[in-house]
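Asks: Sharing a structure here in structure tokens format.
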Protein chains: 2
Amino acid sequence: MTKTVDFYFDFGSPAAYLAYTQLPRLAGETGATVVMKPILLGGVFQASGNRPPASVPLKGSYLFRDMSRFARRYGVPLNMNPFFPIITTTLMRMDLGLHLRNDPSLKHFRDTVFQAIWVDERNLNDPAIVGAVLTEAGFDPAALLALASEQSIKDELKTVTLAAVERGVFGAPTFFVGDEMFWGQDRLDFVRDALTN
Amino acid sequence: MTKTVDFYFDFGSPAAYLAYTQLPRLAGETGATVVMKPILLGGVFQASGNRPPASVPLKGSYLFRDMSRFARRYGVPLNMNPFFPIITTTLMRMDLGLHLRNDPSLKHFRDTVFQAIWVDERNLNDPAIVGAVLTEAGFDPAALLALASEQSIKDELKTVTLAAVERGVFGAPTFFVGDEMFWGQDRLDFVRDALTN
């Protein structure tokens, strides 16, 4: 039976971006199926009592240096987004909406959004720039916005976010292999071990 | 010139204990000198605006599982202390006092305290048990308590703790190689790279 790994993410997390860049290698090395789990990190913080790391100034500035070290190790680009934090509610609703209707463009959507925020430093807090980024990538922004505005999608994002916290999630990215939880892009080697042992 | 790595620690941190167990190997592999820097983690949290990880319940329970995975990887014992959190003010003052007078028993003192908390699960919140642990290890508890009660030692622990925060420290363990800061026992490989490149 093929093993699976659940990957909880929010586009607004640079650590989730870093992990996302490593998922193809993880799948390739382990043969595992990665199950993508969009959640709203702000909702996770609220429900778990956690806070964004950057709410501690020394931690925020350190963590970006730390993630830059991992980006170098992985050989992937990473730029601090000058508009951080990006409010990702609409983007995560779009993602979940595409997921729920099994839209084949979903992977391209994810690549586009992660790249816009964490490589191209685009200001995705500005709806006009979100529209421009999506148009450049070949999407129809109005259609995606309509999708994200559906009440059922809004409700479902709340539901899956609270379900993640119920399962133990307090930050992003978070991996599950069966019942075993791994928090952080820096735990990929433990995830790999769990998938191969 | 021999490279040095500064190691900021508090006995109350299981992550600091895990890193402590790996320092001989780090020094052996890199030829670096480890400079031990006792600080009071509670003071670091207060000055930096950080909070103990276990103040988020889901994070607290996860982090111990996470550290147990590292303990297995390192091949060292680790037990959750049932009396956690241990208030380490007196213990850190004893450590700093021994350090300031260049006492040759300092390494044995550190081994004793880390082991009592993170292997033997002793309740070092109880002064009587602190006394018993120190006596068992061949120390004179009354003499150490007198040392820890010196006003100059109390003041110095505050000074070095605030100096650590000035330098960027917001948690423990924290390493410095020159100006480069590394937070967490899980960054030992980056510390090793910084010492060998």
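Naming works like this for the structure tokens: A, B, ... for the chains as they're shown, residue 1 at the start of each chain, ligands 1 onward in shown order.
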Show which residues sit within 12 Å of A:Gly60, as a list in words. Count only C-alpha atoms, and ignore same-chain residues fewer than 6 positions away.

Replies: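 Counting only the stated atoms, we get Pro14, Arg51, Pro52, Pro53, Ala54, Asp66, Met67, Met80, Phe84 and Pro85 of chain A; Ser48, Gly49, Asn50, Gly168, Val169 and Phe170 of chain B.
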
Asks: Those same residues - N, CA, C and O atoms - I'd like them written as an mmCIF file, in the first residue's frame.

Replies:
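Output below, filename part08.cif:
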```
data_model
loop_
_atom_site.group_PDB
_atom_site.id
_atom_site.type_symbol
_atom_site.label_atom_id
_atom_site.label_comp_id
_atom_site.auth_asym_id
_atom_site.auth_seq_id
_atom_site.Cartn_x
_atom_site.Cartn_y
_atom_site.Cartn_z
ATOM 1 N N PRO A 14 6.682 31.464 5.031
ATOM 2 C CA PRO A 14 7.884 31.161 4.242
ATOM 3 C C PRO A 14 8.393 29.747 4.492
ATOM 4 O O PRO A 14 8.967 29.123 3.594
ATOM 5 N N ARG A 51 1.063 32.135 18.585
ATOM 6 C CA ARG A 51 1.206 33.469 17.998
ATOM 7 C C ARG A 51 2.146 33.366 16.812
ATOM 8 O O ARG A 51 2.994 32.469 16.759
ATOM 9 N N PRO A 52 2.047 34.308 15.858
ATOM 10 C CA PRO A 52 3.017 34.301 14.761
ATOM 11 C C PRO A 52 4.426 34.493 15.333
ATOM 12 O O PRO A 52 4.603 35.305 16.248
ATOM 13 N N PRO A 53 5.416 33.731 14.829
ATOM 14 C CA PRO A 53 6.782 33.856 15.361
ATOM 15 C C PRO A 53 7.292 35.295 15.330
ATOM 16 O O PRO A 53 7.981 35.735 16.244
ATOM 17 N N ALA A 54 6.923 36.039 14.287
ATOM 18 C CA ALA A 54 7.449 37.396 14.134
ATOM 19 C C ALA A 54 6.847 38.365 15.150
ATOM 20 O O ALA A 54 7.247 39.526 15.208
ATOM 21 N N ASP A 66 17.510 32.177 9.366
ATOM 22 C CA ASP A 66 17.506 30.715 9.466
ATOM 23 C C ASP A 66 16.922 30.084 8.191
ATOM 24 O O ASP A 66 17.497 29.143 7.625
ATOM 25 N N MET A 67 15.814 30.635 7.719
ATOM 26 C CA MET A 67 15.199 30.059 6.514
ATOM 27 C C MET A 67 16.049 30.317 5.281
ATOM 28 O O MET A 67 16.084 29.486 4.366
ATOM 29 N N MET A 80 12.570 37.656 1.329
ATOM 30 C CA MET A 80 11.614 38.122 2.328
ATOM 31 C C MET A 80 10.630 39.033 1.631
ATOM 32 O O MET A 80 11.033 39.963 0.946
ATOM 33 N N PHE A 84 5.066 41.467 4.089
ATOM 34 C CA PHE A 84 4.765 40.483 5.126
ATOM 35 C C PHE A 84 4.215 41.173 6.371
ATOM 36 O O PHE A 84 4.763 42.189 6.753
ATOM 37 N N PRO A 85 3.201 40.664 7.047
ATOM 38 C CA PRO A 85 2.487 39.430 6.716
ATOM 39 C C PRO A 85 1.447 39.631 5.608
ATOM 40 O O PRO A 85 0.797 40.667 5.541
ATOM 41 N N SER B 48 12.748 39.695 25.955
ATOM 42 C CA SER B 48 12.584 39.618 24.498
ATOM 43 C C SER B 48 11.117 39.606 24.086
ATOM 44 O O SER B 48 10.802 39.728 22.901
ATOM 45 N N GLY B 49 10.212 39.438 25.057
ATOM 46 C CA GLY B 49 8.794 39.325 24.715
ATOM 47 C C GLY B 49 8.417 37.930 24.242
ATOM 48 O O GLY B 49 7.305 37.708 23.783
ATOM 49 N N ASN B 50 9.355 36.991 24.316
ATOM 50 C CA ASN B 50 9.065 35.602 23.954
ATOM 51 C C ASN B 50 8.334 34.927 25.114
ATOM 52 O O ASN B 50 8.265 35.475 26.214
ATOM 53 N N GLY B 168 20.849 39.205 20.661
ATOM 54 C CA GLY B 168 19.864 38.605 19.772
ATOM 55 C C GLY B 168 19.182 37.359 20.324
ATOM 56 O O GLY B 168 18.283 36.804 19.689
ATOM 57 N N VAL B 169 19.608 36.899 21.495
ATOM 58 C CA VAL B 169 19.083 35.649 22.057
ATOM 59 C C VAL B 169 17.627 35.843 22.499
ATOM 60 O O VAL B 169 17.303 36.820 23.172
ATOM 61 N N PHE B 170 16.756 34.915 22.100
ATOM 62 C CA PHE B 170 15.356 34.945 22.534
ATOM 63 C C PHE B 170 14.907 33.578 23.063
ATOM 64 O O PHE B 170 13.747 33.422 23.472
#
```

Asks: Where does stretch 141-177 of chain A meet stretch 86-98 of chain A within 12 Å, residue by residue, with the nearest atom pair and distance in Å to one decimal for each, counting only C-alpha atoms, listed by chain and rising number, as a tab-separated table?

Replies:
```
residue	atom	partner	partner_atom	distance
A:Pro141	CA	A:Met94	CA	9.9
A:Ala142	CA	A:Met94	CA	11.1
A:Ala143	CA	A:Met94	CA	9.6
A:Leu144	CA	A:Met94	CA	6.0
A:Leu145	CA	A:Met94	CA	7.1
A:Ala146	CA	A:Met94	CA	8.9
A:Leu147	CA	A:Gly97	CA	6.2
A:Ala148	CA	A:Met94	CA	4.9
A:Ser149	CA	A:Arg93	CA	8.0
A:Glu150	CA	A:Gly97	CA	8.7
A:Gln151	CA	A:Arg93	CA	10.1
A:Ser152	CA	A:Gly97	CA	9.2
A:Ile153	CA	A:Gly97	CA	6.1
A:Lys154	CA	A:Arg93	CA	6.5
A:Asp155	CA	A:Arg93	CA	9.5
A:Glu156	CA	A:Leu96	CA	8.1
A:Leu157	CA	A:Arg93	CA	6.5
A:Lys158	CA	A:Arg93	CA	9.7
A:Thr159	CA	A:Leu96	CA	11.4
A:Val160	CA	A:Leu96	CA	9.7
A:Thr161	CA	A:Met92	CA	10.7
```

Asks: With a distance threshold of 10 Å and counting only C-alpha atoms, extract the residues of chain B near chain A and express them as a ChimeraX atom specification.

Replies: /B:45,48-51,53,55-59,61-63,65-66,69-70,165-171,180-183,186-187,190

Asks: Output the coordinates of chain B after least-squares fitting to chain A on all in-order C-alpha pairs, as a PDB file with C-alpha atoms, in the first residue's frame.

Replies:
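And here's result-v2.pdb as it stands now:
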```pdb
ATOM      1  CA  MET B   1       0.018  -0.014   0.009  1.00  0.00           C
ATOM      2  CA  THR B   2       1.330   3.425  -0.863  1.00  0.00           C
ATOM      3  CA  LYS B   3       2.181   5.548   2.146  1.00  0.00           C
ATOM      4  CA  THR B   4       0.753   9.009   2.336  1.00  0.00           C
ATOM      5  CA  VAL B   5       1.891  12.182   4.065  1.00  0.00           C
ATOM      6  CA  ASP B   6      -0.506  14.996   4.878  1.00  0.00           C
ATOM      7  CA  PHE B   7       0.965  18.459   4.347  1.00  0.00           C
ATOM      8  CA  TYR B   8      -0.784  21.373   6.094  1.00  0.00           C
ATOM      9  CA  PHE B   9       0.131  24.738   4.640  1.00  0.00           C
ATOM     10  CA  ASP B  10      -0.729  28.410   4.263  1.00  0.00           C
ATOM     11  CA  PHE B  11       0.778  30.494   1.464  1.00  0.00           C
ATOM     12  CA  GLY B  12       1.712  33.180   3.986  1.00  0.00           C
ATOM     13  CA  SER B  13       4.353  31.028   5.691  1.00  0.00           C
ATOM     14  CA  PRO B  14       7.881  31.156   4.246  1.00  0.00           C
ATOM     15  CA  ALA B  15       8.590  27.843   5.989  1.00  0.00           C
ATOM     16  CA  ALA B  16       5.603  26.302   4.199  1.00  0.00           C
ATOM     17  CA  TYR B  17       7.003  27.618   0.917  1.00  0.00           C
ATOM     18  CA  LEU B  18      10.416  26.064   1.639  1.00  0.00           C
ATOM     19  CA  ALA B  19       8.823  22.721   2.462  1.00  0.00           C
ATOM     20  CA  TYR B  20       6.640  22.965  -0.658  1.00  0.00           C
ATOM     21  CA  THR B  21       9.747  23.220  -2.825  1.00  0.00           C
ATOM     22  CA  GLN B  22      10.988  19.944  -1.336  1.00  0.00           C
ATOM     23  CA  LEU B  23       7.808  17.892  -1.748  1.00  0.00           C
ATOM     24  CA  PRO B  24       8.644  16.512  -5.212  1.00  0.00           C
ATOM     25  CA  ARG B  25      11.952  15.173  -3.882  1.00  0.00           C
ATOM     26  CA  LEU B  26      10.245  13.764  -0.784  1.00  0.00           C
ATOM     27  CA  ALA B  27       7.697  11.958  -2.944  1.00  0.00           C
ATOM     28  CA  GLY B  28      10.390  10.787  -5.356  1.00  0.00           C
ATOM     29  CA  GLU B  29      12.628   9.397  -2.623  1.00  0.00           C
ATOM     30  CA  THR B  30       9.896   7.688  -0.640  1.00  0.00           C
ATOM     31  CA  GLY B  31       7.283   6.815  -3.249  1.00  0.00           C
ATOM     32  CA  ALA B  32       4.764   8.429  -0.905  1.00  0.00           C
ATOM     33  CA  THR B  33       1.690  10.373  -1.959  1.00  0.00           C
ATOM     34  CA  VAL B  34       1.581  13.925  -0.602  1.00  0.00           C
ATOM     35  CA  VAL B  35      -1.921  15.007   0.422  1.00  0.00           C
ATOM     36  CA  MET B  36      -2.079  18.796   0.367  1.00  0.00           C
ATOM     37  CA  LYS B  37      -4.104  20.326   3.214  1.00  0.00           C
ATOM     38  CA  PRO B  38      -4.832  24.056   2.830  1.00  0.00           C
ATOM     39  CA  ILE B  39      -5.559  25.760   6.146  1.00  0.00           C
ATOM     40  CA  LEU B  40      -5.712  29.320   7.429  1.00  0.00           C
ATOM     41  CA  LEU B  41      -2.730  29.812   9.705  1.00  0.00           C
ATOM     42  CA  GLY B  42      -4.332  32.807  11.398  1.00  0.00           C
ATOM     43  CA  GLY B  43      -7.222  30.560  12.412  1.00  0.00           C
ATOM     44  CA  VAL B  44      -4.768  27.951  13.706  1.00  0.00           C
ATOM     45  CA  PHE B  45      -3.037  30.564  15.863  1.00  0.00           C
ATOM     46  CA  GLN B  46      -6.369  31.784  17.210  1.00  0.00           C
ATOM     47  CA  ALA B  47      -7.675  28.303  18.036  1.00  0.00           C
ATOM     48  CA  SER B  48      -4.413  26.947  19.476  1.00  0.00           C
ATOM     49  CA  GLY B  49      -3.343  30.022  21.450  1.00  0.00           C
ATOM     50  CA  ASN B  50      -0.136  30.189  19.400  1.00  0.00           C
ATOM     51  CA  ARG B  51       1.208  33.463  17.985  1.00  0.00           C
ATOM     52  CA  PRO B  52       3.020  34.276  14.745  1.00  0.00           C
ATOM     53  CA  PRO B  53       6.788  33.853  15.341  1.00  0.00           C
ATOM     54  CA  ALA B  54       7.436  37.394  14.111  1.00  0.00           C
ATOM     55  CA  SER B  55       5.386  38.754  17.019  1.00  0.00           C
ATOM     56  CA  VAL B  56       8.686  38.404  18.915  1.00  0.00           C
ATOM     57  CA  PRO B  57      10.910  40.872  17.002  1.00  0.00           C
ATOM     58  CA  LEU B  58      14.236  39.095  17.690  1.00  0.00           C
ATOM     59  CA  LYS B  59      12.667  35.783  16.647  1.00  0.00           C
ATOM     60  CA  GLY B  60      11.205  37.230  13.471  1.00  0.00           C
ATOM     61  CA  SER B  61      14.483  38.637  12.238  1.00  0.00           C
ATOM     62  CA  TYR B  62      16.396  35.481  13.228  1.00  0.00           C
ATOM     63  CA  LEU B  63      13.935  33.120  11.595  1.00  0.00           C
ATOM     64  CA  PHE B  64      14.317  34.729   8.221  1.00  0.00           C
ATOM     65  CA  ARG B  65      18.084  34.304   8.394  1.00  0.00           C
ATOM     66  CA  ASP B  66      17.497  30.705   9.446  1.00  0.00           C
ATOM     67  CA  MET B  67      15.193  30.054   6.504  1.00  0.00           C
ATOM     68  CA  SER B  68      17.670  31.686   4.131  1.00  0.00           C
ATOM     69  CA  ARG B  69      20.255  29.128   5.290  1.00  0.00           C
ATOM     70  CA  PHE B  70      17.836  26.313   4.437  1.00  0.00           C
ATOM     71  CA  ALA B  71      17.044  27.909   1.067  1.00  0.00           C
ATOM     72  CA  ARG B  72      20.772  27.851   0.249  1.00  0.00           C
ATOM     73  CA  ARG B  73      20.988  24.244   1.409  1.00  0.00           C
ATOM     74  CA  TYR B  74      18.007  23.294  -0.751  1.00  0.00           C
ATOM     75  CA  GLY B  75      19.233  25.390  -3.679  1.00  0.00           C
ATOM     76  CA  VAL B  76      15.937  27.268  -4.031  1.00  0.00           C
ATOM     77  CA  PRO B  77      15.222  31.007  -4.181  1.00  0.00           C
ATOM     78  CA  LEU B  78      13.712  32.740  -1.149  1.00  0.00           C
ATOM     79  CA  ASN B  79      13.164  36.450  -0.677  1.00  0.00           C
ATOM     80  CA  MET B  80      11.610  38.121   2.307  1.00  0.00           C
ATOM     81  CA  ASN B  81       8.336  39.630   1.180  1.00  0.00           C
ATOM     82  CA  PRO B  82       8.425  43.338   2.081  1.00  0.00           C
ATOM     83  CA  PHE B  83       4.638  43.305   2.565  1.00  0.00           C
ATOM     84  CA  PHE B  84       4.748  40.480   5.125  1.00  0.00           C
ATOM     85  CA  PRO B  85       2.485  39.419   6.713  1.00  0.00           C
ATOM     86  CA  ILE B  86       0.321  38.629   3.702  1.00  0.00           C
ATOM     87  CA  ILE B  87      -3.344  38.149   4.590  1.00  0.00           C
ATOM     88  CA  THR B  88      -4.039  34.894   2.781  1.00  0.00           C
ATOM     89  CA  THR B  89      -7.720  34.291   3.537  1.00  0.00           C
ATOM     90  CA  THR B  90      -8.891  34.802  -0.063  1.00  0.00           C
ATOM     91  CA  LEU B  91      -5.934  32.879  -1.502  1.00  0.00           C
ATOM     92  CA  MET B  92      -6.535  29.897   0.773  1.00  0.00           C
ATOM     93  CA  ARG B  93     -10.250  29.948  -0.116  1.00  0.00           C
ATOM     94  CA  MET B  94      -9.330  29.901  -3.818  1.00  0.00           C
ATOM     95  CA  ASP B  95      -6.995  26.969  -3.157  1.00  0.00           C
ATOM     96  CA  LEU B  96      -9.602  25.019  -1.227  1.00  0.00           C
ATOM     97  CA  GLY B  97     -12.230  25.805  -3.876  1.00  0.00           C
ATOM     98  CA  LEU B  98     -10.002  24.494  -6.684  1.00  0.00           C
ATOM     99  CA  HIS B  99      -9.235  21.457  -4.564  1.00  0.00           C
ATOM    100  CA  LEU B 100     -12.883  20.686  -3.835  1.00  0.00           C
ATOM    101  CA  ARG B 101     -13.786  20.749  -7.515  1.00  0.00           C
ATOM    102  CA  ASN B 102     -10.705  18.709  -8.482  1.00  0.00           C
ATOM    103  CA  ASP B 103      -9.483  21.455 -10.743  1.00  0.00           C
ATOM    104  CA  PRO B 104      -6.452  20.360 -12.785  1.00  0.00           C
ATOM    105  CA  SER B 105      -4.934  23.860 -12.520  1.00  0.00           C
ATOM    106  CA  LEU B 106      -4.485  23.520  -8.741  1.00  0.00           C
ATOM    107  CA  LYS B 107      -0.775  22.711  -8.800  1.00  0.00           C
ATOM    108  CA  HIS B 108      -0.104  25.622 -11.165  1.00  0.00           C
ATOM    109  CA  PHE B 109      -2.131  27.882  -8.857  1.00  0.00           C
ATOM    110  CA  ARG B 110       0.000  26.850  -5.870  1.00  0.00           C
ATOM    111  CA  ASP B 111       3.258  27.300  -7.750  1.00  0.00           C
ATOM    112  CA  THR B 112       2.067  30.743  -8.884  1.00  0.00           C
ATOM    113  CA  VAL B 113       1.053  32.014  -5.448  1.00  0.00           C
ATOM    114  CA  PHE B 114       4.077  30.676  -3.552  1.00  0.00           C
ATOM    115  CA  GLN B 115       6.402  32.125  -6.199  1.00  0.00           C
ATOM    116  CA  ALA B 116       4.652  35.504  -6.228  1.00  0.00           C
ATOM    117  CA  ILE B 117       5.011  35.877  -2.465  1.00  0.00           C
ATOM    118  CA  TRP B 118       8.327  34.191  -1.613  1.00  0.00           C
ATOM    119  CA  VAL B 119      10.371  34.708  -4.774  1.00  0.00           C
ATOM    120  CA  ASP B 120       8.944  37.699  -6.648  1.00  0.00           C
ATOM    121  CA  GLU B 121       8.053  39.727  -3.519  1.00  0.00           C
ATOM    122  CA  ARG B 122       4.644  40.725  -4.894  1.00  0.00           C
ATOM    123  CA  ASN B 123       2.208  42.515  -2.608  1.00  0.00           C
ATOM    124  CA  LEU B 124      -0.622  40.014  -2.450  1.00  0.00           C
ATOM    125  CA  ASN B 125      -2.304  42.127   0.202  1.00  0.00           C
ATOM    126  CA  ASP B 126      -3.406  44.289  -2.741  1.00  0.00           C
ATOM    127  CA  PRO B 127      -6.352  42.717  -4.627  1.00  0.00           C
ATOM    128  CA  ALA B 128      -5.278  44.468  -7.847  1.00  0.00           C
ATOM    129  CA  ILE B 129      -1.863  42.799  -7.663  1.00  0.00           C
ATOM    130  CA  VAL B 130      -3.448  39.434  -6.876  1.00  0.00           C
ATOM    131  CA  GLY B 131      -5.502  39.903 -10.037  1.00  0.00           C
ATOM    132  CA  ALA B 132      -2.436  40.833 -12.074  1.00  0.00           C
ATOM    133  CA  VAL B 133      -0.408  37.865 -10.797  1.00  0.00           C
ATOM    134  CA  LEU B 134      -3.232  35.434 -11.572  1.00  0.00           C
ATOM    135  CA  THR B 135      -3.796  36.918 -15.028  1.00  0.00           C
ATOM    136  CA  GLU B 136      -0.078  36.699 -15.831  1.00  0.00           C
ATOM    137  CA  ALA B 137      -0.196  33.015 -14.909  1.00  0.00           C
ATOM    138  CA  GLY B 138      -3.162  32.349 -17.199  1.00  0.00           C
ATOM    139  CA  PHE B 139      -5.932  32.287 -14.593  1.00  0.00           C
ATOM    140  CA  ASP B 140      -9.251  34.147 -14.669  1.00  0.00           C
ATOM    141  CA  PRO B 141      -9.087  36.230 -11.470  1.00  0.00           C
ATOM    142  CA  ALA B 142     -12.796  37.077 -11.513  1.00  0.00           C
ATOM    143  CA  ALA B 143     -13.750  33.405 -11.652  1.00  0.00           C
ATOM    144  CA  LEU B 144     -11.360  32.560  -8.801  1.00  0.00           C
ATOM    145  CA  LEU B 145     -12.684  35.442  -6.741  1.00  0.00           C
ATOM    146  CA  ALA B 146     -16.242  34.241  -7.293  1.00  0.00           C
ATOM    147  CA  LEU B 147     -15.179  30.765  -6.165  1.00  0.00           C
ATOM    148  CA  ALA B 148     -13.529  32.196  -3.042  1.00  0.00           C
ATOM    149  CA  SER B 149     -16.691  34.149  -2.244  1.00  0.00           C
ATOM    150  CA  GLU B 150     -18.908  31.064  -2.044  1.00  0.00           C
ATOM    151  CA  GLN B 151     -20.223  30.652   1.469  1.00  0.00           C
ATOM    152  CA  SER B 152     -19.667  26.889   1.382  1.00  0.00           C
ATOM    153  CA  ILE B 153     -15.955  27.433   0.639  1.00  0.00           C
ATOM    154  CA  LYS B 154     -15.627  29.999   3.421  1.00  0.00           C
ATOM    155  CA  ASP B 155     -17.283  27.590   5.852  1.00  0.00           C
ATOM    156  CA  GLU B 156     -15.189  24.657   4.684  1.00  0.00           C
ATOM    157  CA  LEU B 157     -11.909  26.554   5.217  1.00  0.00           C
ATOM    158  CA  LYS B 158     -12.966  27.219   8.808  1.00  0.00           C
ATOM    159  CA  THR B 159     -13.930  23.574   9.256  1.00  0.00           C
ATOM    160  CA  VAL B 160     -10.669  22.126   7.916  1.00  0.00           C
ATOM    161  CA  THR B 161      -8.630  24.648   9.897  1.00  0.00           C
ATOM    162  CA  LEU B 162     -10.308  23.729  13.167  1.00  0.00           C
ATOM    163  CA  ALA B 163     -10.031  20.033  12.281  1.00  0.00           C
ATOM    164  CA  ALA B 164      -6.285  20.532  11.849  1.00  0.00           C
ATOM    165  CA  VAL B 165      -6.026  22.059  15.321  1.00  0.00           C
ATOM    166  CA  GLU B 166      -8.109  19.172  16.689  1.00  0.00           C
ATOM    167  CA  ARG B 167      -5.493  16.869  15.204  1.00  0.00           C
ATOM    168  CA  GLY B 168      -2.689  18.762  16.948  1.00  0.00           C
ATOM    169  CA  VAL B 169      -1.619  21.415  14.421  1.00  0.00           C
ATOM    170  CA  PHE B 170      -0.410  24.695  15.971  1.00  0.00           C
ATOM    171  CA  GLY B 171       1.772  26.063  13.133  1.00  0.00           C
ATOM    172  CA  ALA B 172       2.805  25.570   9.521  1.00  0.00           C
ATOM    173  CA  PRO B 173       3.976  23.626   7.752  1.00  0.00           C
ATOM    174  CA  THR B 174       2.867  20.497   9.580  1.00  0.00           C
ATOM    175  CA  PHE B 175       3.185  16.945   8.291  1.00  0.00           C
ATOM    176  CA  PHE B 176       1.385  13.805   9.387  1.00  0.00           C
ATOM    177  CA  VAL B 177       2.471  10.269   8.611  1.00  0.00           C
ATOM    178  CA  GLY B 178      -0.341   8.252  10.134  1.00  0.00           C
ATOM    179  CA  ASP B 179      -0.706   9.598  13.673  1.00  0.00           C
ATOM    180  CA  GLU B 180       2.834  10.936  13.810  1.00  0.00           C
ATOM    181  CA  MET B 181       3.003  14.709  13.576  1.00  0.00           C
ATOM    182  CA  PHE B 182       6.038  16.699  12.424  1.00  0.00           C
ATOM    183  CA  TRP B 183       6.119  20.485  12.642  1.00  0.00           C
ATOM    184  CA  GLY B 184       8.374  22.617  10.479  1.00  0.00           C
ATOM    185  CA  GLN B 185      10.151  22.487   7.129  1.00  0.00           C
ATOM    186  CA  ASP B 186      13.242  21.520   9.147  1.00  0.00           C
ATOM    187  CA  ARG B 187      11.725  18.134   9.999  1.00  0.00           C
ATOM    188  CA  LEU B 188      11.669  16.820   6.420  1.00  0.00           C
ATOM    189  CA  ASP B 189      14.338  14.249   7.263  1.00  0.00           C
ATOM    190  CA  PHE B 190      12.203  12.817  10.061  1.00  0.00           C
ATOM    191  CA  VAL B 191       9.201  12.753   7.702  1.00  0.00           C
ATOM    192  CA  ARG B 192      11.334  10.893   5.179  1.00  0.00           C
ATOM    193  CA  ASP B 193      12.346   8.373   7.859  1.00  0.00           C
ATOM    194  CA  ALA B 194       8.728   7.871   8.898  1.00  0.00           C
ATOM    195  CA  LEU B 195       7.773   7.182   5.279  1.00  0.00           C
ATOM    196  CA  THR B 196      10.560   4.713   4.595  1.00  0.00           C
ATOM    197  CA  ASN B 197      10.737   2.739   7.844  1.00  0.00           C
TER     198      ASN B 197
END
```

Asks: Tell me, which residues of chain A carry DSSP strand (DSSP E or B), written as a PyMOL selection string?

Replies: chain A and resi 4-9+33-38+174-177+180-183

Asks: Run DSSP on the backbone and grab whatever in stretch 55-131 of chain B lands in alpha helix (DSSP H); send it over as a ChimeraX atom specification.

Replies: /B:57-74,89-100,106-118,127-131
